[in-house]
Every structure is written in C-alpha cells, then in structure tokens.
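S.K.: Provided herewith is a single structure, encoded as structure tokens, for subsequent inquiry.
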Amino acid sequence: MGEALLSQKLVGDRLELTASGSWTAPHAGELETEIDRLTGSPSGETPSRATDVSIDMAGVRELDTFGAWLLERLTRQWTASGREAVVVGLPQHSADLVEEMHGVNRETPPKPERGNPIVSFLAVIGRGSTGFARSFYTFAHMLGEVGMAAGRVLWRPSEYRLTSTVHQFDRVALQAVPIIVLITFLIGGIIAQQGIFHFRRFGAELYSVDLVGILVLREIGVLIVAIMVAGRSGSSYTAELGSMKMREEIDALRTMGFDPIEVLVLPRILVLVVALPALTFIGSLAALYGGGLVAWLYGGMSPDIYMARLTDAISLTHFQVGMIKAPFMGLVIGLVACAEGLRVKGSAESLGIQTTKSVVESIFLVIVLDGLFAIFFASIGM
Amino acid sequence: MSEKAPVIKVRDLVVGFGTQTVLNHLDLDVRASEILGVVGASGAGKSVLLRTIIGLIPRREGSIEVLGKDLDKVDEKERRALERRWGVLFQQGALFSSLTVKQNVQFPMRENLDISQRLMDEMAHAKLEMVGLSPRDGDKFPSELSGGMTKRVALARALALDPEIVFLDEPTSGLDPISAGDFDELIRTLQGTLEITVFMVTHDLESLYTACDRIAVLADGKLAAEGTIGDMLECEHPWVKTYFQGKRGSNLAGRESTHAERMTEREGF
C-alpha cells in the first residue's frame, strides 16, 4: 500500500504520531482506517490508552481538503473525549486549509427520520391510492379546461391556432400511416391464419372471413391504432409539454397572456380526435387486406370468394361501432398525455416517470373505454 | 506569480464548425496557481476554447497540453486520470437533476475514491460549507435551488476531488451584483487556500478586477491581448479599449477601492 501515512509511538502517556506521504484524496480511504483505529472507530475498537497526542505534520508532502479534514477529525475526536491534541510542523499554506476545515461540520443536519416500517408501508399504500384518485381528478380537470378552451375558441374562431394544428396533424396522423398500415396488416393476416387453422377442422373455413371482418371493424382495428397512437404520439406529447414545463416555457406563455391549454393542449387534442378515426379507417382497410391475402395464400380462398363472403358477413353497423369509438379514444389519449406532461416537475427523472405514466394510463383507459362501449352497444343492440 | 511551467499550454489551436472558424491559430498559456480571466465579445469563442481544452469539442489543428500531458498522446486510462485532476463549472450548473445536492457533490467521490460513506458525507458537508452553503441544503434537489445556490453547488461538485485546475464558464452570469461579488471573493479565497489554477470565462468586468490575476482577451479567433488589468487599460486594441475604457469599465478603473468598500457603496443605493 505504498508508504506509511501515519506512524505512532507511545511515550509515557503521550502518543506521538508522525505523518508522512500524501494526505490527499486518493489516499483518503487508507488514512481514514488508520485514524479510526487511533480514535476508536464507530465499529467499537478501543481507543489508545494515551491521554494526549501530538501530530507532527512536517513530513507530509501534499495535503488537500480530504487530508485536512481527516486531521481535523482526529484532533476533534481526541479533544472531545477530554484529552489533548497538538498539531506541529504544519507548513503555512496547509495551516490555512486546516484552519478552513476547523469550522466545517460543526452542526450535522438532522438525519431524516426512519419511521416504523409498518407505518411507512401503509403510507406508501395510502399515497399510492390518493395518487390514483388524483390522476382521475387531473384527468377530469384537464377535460374541463379543454372544454372551456374549446368553447372560447368557438366563440372567437379567429384565435384558433390553425398552423399548429396542421403541423401536429402531419406528425400525429400522416407520419403514423406507414407503421399503422404495417402493424394492422400483420394483425389482420394473423387473425385470418388462426381462423382458417382452427375452423378447418370443422370444414368451416369460410367463417374465418366473418371472424376477420367483425373483429377488425368492431374491436381490433380501433384498439391497435389507439394503442399505437398512445405509445407514439401520447408519449411525445407528454415529453414535449414536460420539457417545456421544466424550462419555464409554459410559465412564459402564461405571463404573456396566453392560455397554455388553448395554445398547446387544445390543438394537440383536437388533432388526435380527428386523426384517430382516420387512422382507424386506414388501419381497418389494411387489416382486411392482410386477412384476404392470408386467406388466399394460406387458406386457398380466392379473392372473389373472400370479398363476397365479407360483404355478407359485415354490415354498416360493425363499421360504425368501430368508428364511433375512435374519436373518444383519441380524446382520452390526448387528455392523459397533456395532463401528465403538465405535471412534470424540475428533474429529468420526473419527466421519465410522467411519460411512462402517460403511456400506461392511456392504454389502460383505452381498454376500459372499449369495454364500456361494448356494454353500451350490446344494450342498444348495435 | 511563480514562473513555473504553464499548467495549460495551448498552441496553434484551430476550432471550427462547418465553414465557420471560431478559433484561428490561437496560443495561450495558463500559469500555475493563477486565476486567468478569459473575456471577449459574445460569440468570440470563449466557451468554445474552454470546451476544447476539456475535450468536449474536437479541434482541427494544434496541440493542447494540460498538466504537462499532451492531450493527443494520452491513452484512455491516462486521460481519465487527467480528467480527475480538473473540475468544471458549467454555465447552467449542469447539476444532475435526479440527485440531491449532497449526492451531486459526492458523485465524483463515489466513482473515483474508495472511502467510507461517513467520510463522504463529511466531505460533502465540508465542500458545501466551503462554498458558503449550509449542510442543511444537502438534501434539496437542484430544481429547488436559486440561481446563486446552483452555481455554488456546481462549484462544490467541481471541487469535490480537490482538482488542480478548475474551469469556470461564466460563474457570475445571472447572479445579482452582490452575489456575484461574493462569488468572486469565494473563488479568490478558495484559490488561496487550495492553491488551484482557475481558468475563468467571464463577461463580468467586476470579476476581472476583483478575482483575476491575469486576463486574456479573445477577438477574431485569436488572443488580442494578455496581461494584468493595468496592461489591459493601456492596450490599443480597439475592442479591448472599448471594453475596459468604456463607461462601465472606466467607472471601475477610476476608483481604486477595495472590494469591501465597493460593497458598502452598493448598499448605500
């Protein structure tokens, strides 16, 4: 371990310490162990029997704040137990540093209290449930604010941010088309393949077309698109608004007399409300196409038969059910994403947490909403 | 100041972005244990120079020697060892926003030193007290700090490993004159006790008068002037002349007052 940093000699009741080497940050670890051994470390080793101590610092080559503090700690602990400590041979510039260290760490900040584990466990549960309740509150709050902003815009349509809306529409809808088409195409194909594979045993392959048509138009088309959009655009809304919040851009807007909801949130949500039905429509087409292709290549069903069967199996109602749901899903995704974005606090970590929350919550709500719609449509016989 | 070998030796440095050349064959020496103030118009390349020396911006030509080591000739391991010997205070503080103040200061210690948590806590408190903060601030998060406190914490983090060189990028920008004055004083004091070399990019004339031993002026990608405040006042370079002998500059130069006097004057407003 290189050279000795501290050597000791007991002369009567007096402990004579000779310091040497570099009392600097890289050696702070070793030095601390040696000093703890002398003063009786918190781990319970007995301190030396000597009543006073002198420390000769003349042999120390370098001294930095780490060394100076450890020296100060040694003398402080020694004197605290009613004994005497003298430091000799300190060069002038090091003396200044040691003097500086003399004043520090005089008051230790209160340790954060570690409470009863059961209580803190209950606190975690309590905080979690109120947090859950609060996210519904922020959701409702955001819905109200957006409604108000929409009302104001209807009153004075000239103040609506059309440019921003067009820009967002390009990002959220147009640029999403390729990936949405690809995914729904594959899903349609998979449903058709599974349908044909299992129905073939009963000789009922034709019914796989009913399966594809009804499932895609009523449920899968809109759900897949909503989940994709929540992951793609919802997360980017949250991250955008969150970093604007962090850099006080939202406060700046507010002080200039603009309502951030009207300027930032409303166009984004309206775009989603329009984009989701459009993407659902395109997605459903792609899924039906994928299903047809698989039925032809895998099931040996000619495109003519597929089309004929499809027109028999599906009705306008199925299509309407899917399309009616889409704008509501867009609204939910937009509201959650913007509300979570505006809840971001100062740190990069909180931006990450809110973005995760935004995606998880909006996918959850989209599925819950889909369930509610299923009950609703069943009861009105659609 | 001592006449030892320069701590930072920049020779023939060329740095540019795209078609634009920011630093054009620049030479600069920073001597041991001095506070060098680098000034220049906005966009003259002060921050670029600082960031090039610490290796954040690639250079087109020239050599940089820090603490006797040529940055082109060191390998990865030596370079990391070298980086441990300097500390940097970024313009915006660049504190890690998900760590508390104390964890920010301890971060370099935790990564580089093998010391106990207790010593780390004590050292973090010591550093915070040295930069004029209370250990109570240690549990705050960077988003809860004021501008001045952020700069102080960033300085404490830059000093965490007792570096030999400290790079300060506009340490007093965004601070009120009194805090800025305190900060200059602080840098002066720390430089005195810790014997560090300070490379300070600044806009603040007051800092140049109170804190700096020597001043380097950047203009047109080169060093336009170099020397003490006295040299600057006699310099004939047009930019230097306007800067130091303009209204704000000559006000400061006119009064041969100490910092303390200036503080009391300010309070009289």
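Lettering and numbering for the structure tokens are positional, with chains as A, B, ... in the shown order, residues counted from 1 in each chain, and ligands counted from 1 in the shown order.
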When the cut-off is 6 Å and we count only C-alpha atoms, which residues of chain B are near chain A, given as number ranges by chain?
M.R.: B: 97-98, 114-115, 126, 136, 143, 193
S.K.: Mind writing the picked residues with N, CA and C atoms as an mmCIF file, in the first residue's frame?
M.R.:
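Printed below is selection.cif as written:
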data_model
loop_
_atom_site.group_PDB
_atom_site.id
_atom_site.type_symbol
_atom_site.label_atom_id
_atom_site.label_comp_id
_atom_site.auth_asym_id
_atom_site.auth_seq_id
_atom_site.Cartn_x
_atom_site.Cartn_y
_atom_site.Cartn_z
ATOM 1 N N SER B 97 -30.179 16.372 -12.159
ATOM 2 C CA SER B 97 -31.439 16.825 -11.568
ATOM 3 C C SER B 97 -32.123 15.747 -10.758
ATOM 4 N N SER B 98 -31.732 14.494 -10.933
ATOM 5 C CA SER B 98 -32.410 13.467 -10.145
ATOM 6 C C SER B 98 -31.642 13.104 -8.881
ATOM 7 N N ASP B 114 -12.118 5.286 -2.905
ATOM 8 C CA ASP B 114 -12.587 4.161 -2.121
ATOM 9 C C ASP B 114 -12.656 4.616 -0.664
ATOM 10 N N ILE B 115 -13.697 5.364 -0.331
ATOM 11 C CA ILE B 115 -13.794 5.863 1.038
ATOM 12 C C ILE B 115 -15.165 5.538 1.607
ATOM 13 N N ALA B 126 -18.360 19.448 4.141
ATOM 14 C CA ALA B 126 -17.237 20.378 4.188
ATOM 15 C C ALA B 126 -17.197 21.220 2.919
ATOM 16 N N ARG B 136 -27.532 21.791 5.619
ATOM 17 C CA ARG B 136 -28.974 21.547 5.525
ATOM 18 C C ARG B 136 -29.466 21.561 4.075
ATOM 19 N N SER B 143 -33.738 21.363 -8.558
ATOM 20 C CA SER B 143 -34.854 22.207 -9.004
ATOM 21 C C SER B 143 -35.359 23.115 -7.897
ATOM 22 N N THR B 193 -6.537 29.142 -0.514
ATOM 23 C CA THR B 193 -6.320 28.019 0.398
ATOM 24 C C THR B 193 -5.953 26.746 -0.338
#
S.K.: Which of segment 40-247 of chain A counts as strand (DSSP E or B) under DSSP, as a VMD selection string please?
M.R.: chain A and resid 52 to 63 84 to 88
S.K.: Now that the selection is made, can you save its residues with C-alpha atoms as a PDB file, in the first residue's frame?
M.R.:
ATOM      1  CA  ASP A  52      -2.711  13.286  24.916  1.00  0.00           C
ATOM      2  CA  VAL A  53      -1.437  13.200  21.389  1.00  0.00           C
ATOM      3  CA  SER A  54       0.898  15.216  19.229  1.00  0.00           C
ATOM      4  CA  ILE A  55       0.825  15.026  15.487  1.00  0.00           C
ATOM      5  CA  ASP A  56       3.905  16.000  13.540  1.00  0.00           C
ATOM      6  CA  MET A  57       2.841  17.048  10.066  1.00  0.00           C
ATOM      7  CA  ALA A  58       6.276  18.171   8.834  1.00  0.00           C
ATOM      8  CA  GLY A  59       6.785  15.024   6.772  1.00  0.00           C
ATOM      9  CA  VAL A  60       3.607  15.401   4.759  1.00  0.00           C
ATOM     10  CA  ARG A  61       4.323  16.088   1.117  1.00  0.00           C
ATOM     11  CA  GLU A  62       0.863  17.085  -0.038  1.00  0.00           C
ATOM     12  CA  LEU A  63      -2.260  17.969   1.860  1.00  0.00           C
ATOM     13  CA  GLU A  84      -5.270  16.982  24.429  1.00  0.00           C
ATOM     14  CA  ALA A  85      -4.194  17.097  20.799  1.00  0.00           C
ATOM     15  CA  VAL A  86      -1.397  19.227  19.368  1.00  0.00           C
ATOM     16  CA  VAL A  87      -0.541  19.593  15.711  1.00  0.00           C
ATOM     17  CA  VAL A  88       3.017  20.661  14.942  1.00  0.00           C
TER      18      VAL A  88
END
S.K.: So, counting only C-alpha atoms, which residue among B:Ala5, B:Leu223, B:Leu208, B:Ala156 is closest to Asp27 of chain B?
M.R.: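 For Asp27 of chain B, the nearest of the given residues is B:Leu223.
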S.K.: Atom CA of Thr100 of chain B to atom CA of Met149 of chain B: how many Å, to one decimal?
M.R.: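 So the answer is 13.0 Å.
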S.K.: Using only C-alpha atoms for the distances, tell me which of A:Ala278, A:Ser284, A:Ile196, A:Val344 is nearest to Ile250 of chain A.
M.R.: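 Closest candidate: A:Val344.
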S.K.: Skipping near chain neighbours, those fewer than 4 positions away, what residues fall within 12 Å of Arg110 of chain B using only C-alpha atoms, listed as a PyMOL selection string?
M.R.: (chain A and resi 25-26+29) or (chain B and resi 102-106+114-121+123-124+157+160-161)
S.K.: How would the residues just picked look written out with C-alpha atoms as a PDB file, in the first residue's frame?
M.R.:
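Result went into result.pdb, see below:
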ATOM      1  CA  ALA A  25      -7.992  12.302  -1.916  1.00  0.00           C
ATOM      2  CA  PRO A  26      -6.576   9.101  -3.484  1.00  0.00           C
ATOM      3  CA  GLY A  29      -9.514   5.629   2.294  1.00  0.00           C
TER       4      GLY A  29
ATOM      5  CA  LYS B 102     -25.229  16.131  -1.460  1.00  0.00           C
ATOM      6  CA  GLN B 103     -25.325  13.247  -3.930  1.00  0.00           C
ATOM      7  CA  ASN B 104     -24.247  15.624  -6.674  1.00  0.00           C
ATOM      8  CA  VAL B 105     -21.166  16.626  -4.696  1.00  0.00           C
ATOM      9  CA  GLN B 106     -20.477  13.024  -3.714  1.00  0.00           C
ATOM     10  CA  ASP B 114     -12.587   4.161  -2.121  1.00  0.00           C
ATOM     11  CA  ILE B 115     -13.794   5.863   1.038  1.00  0.00           C
ATOM     12  CA  SER B 116     -16.497   5.207   3.606  1.00  0.00           C
ATOM     13  CA  GLN B 117     -19.975   6.703   3.387  1.00  0.00           C
ATOM     14  CA  ARG B 118     -19.292   8.579   6.617  1.00  0.00           C
ATOM     15  CA  LEU B 119     -16.218  10.315   5.236  1.00  0.00           C
ATOM     16  CA  MET B 120     -18.084  11.020   2.019  1.00  0.00           C
ATOM     17  CA  ASP B 121     -20.899  12.695   3.954  1.00  0.00           C
ATOM     18  CA  MET B 123     -16.506  15.786   2.898  1.00  0.00           C
ATOM     19  CA  ALA B 124     -19.692  16.739   1.047  1.00  0.00           C
ATOM     20  CA  ARG B 157     -19.042  19.497  -7.186  1.00  0.00           C
ATOM     21  CA  ALA B 160     -15.137  17.514  -4.969  1.00  0.00           C
ATOM     22  CA  LEU B 161     -11.892  15.714  -5.741  1.00  0.00           C
TER      23      LEU B 161
END
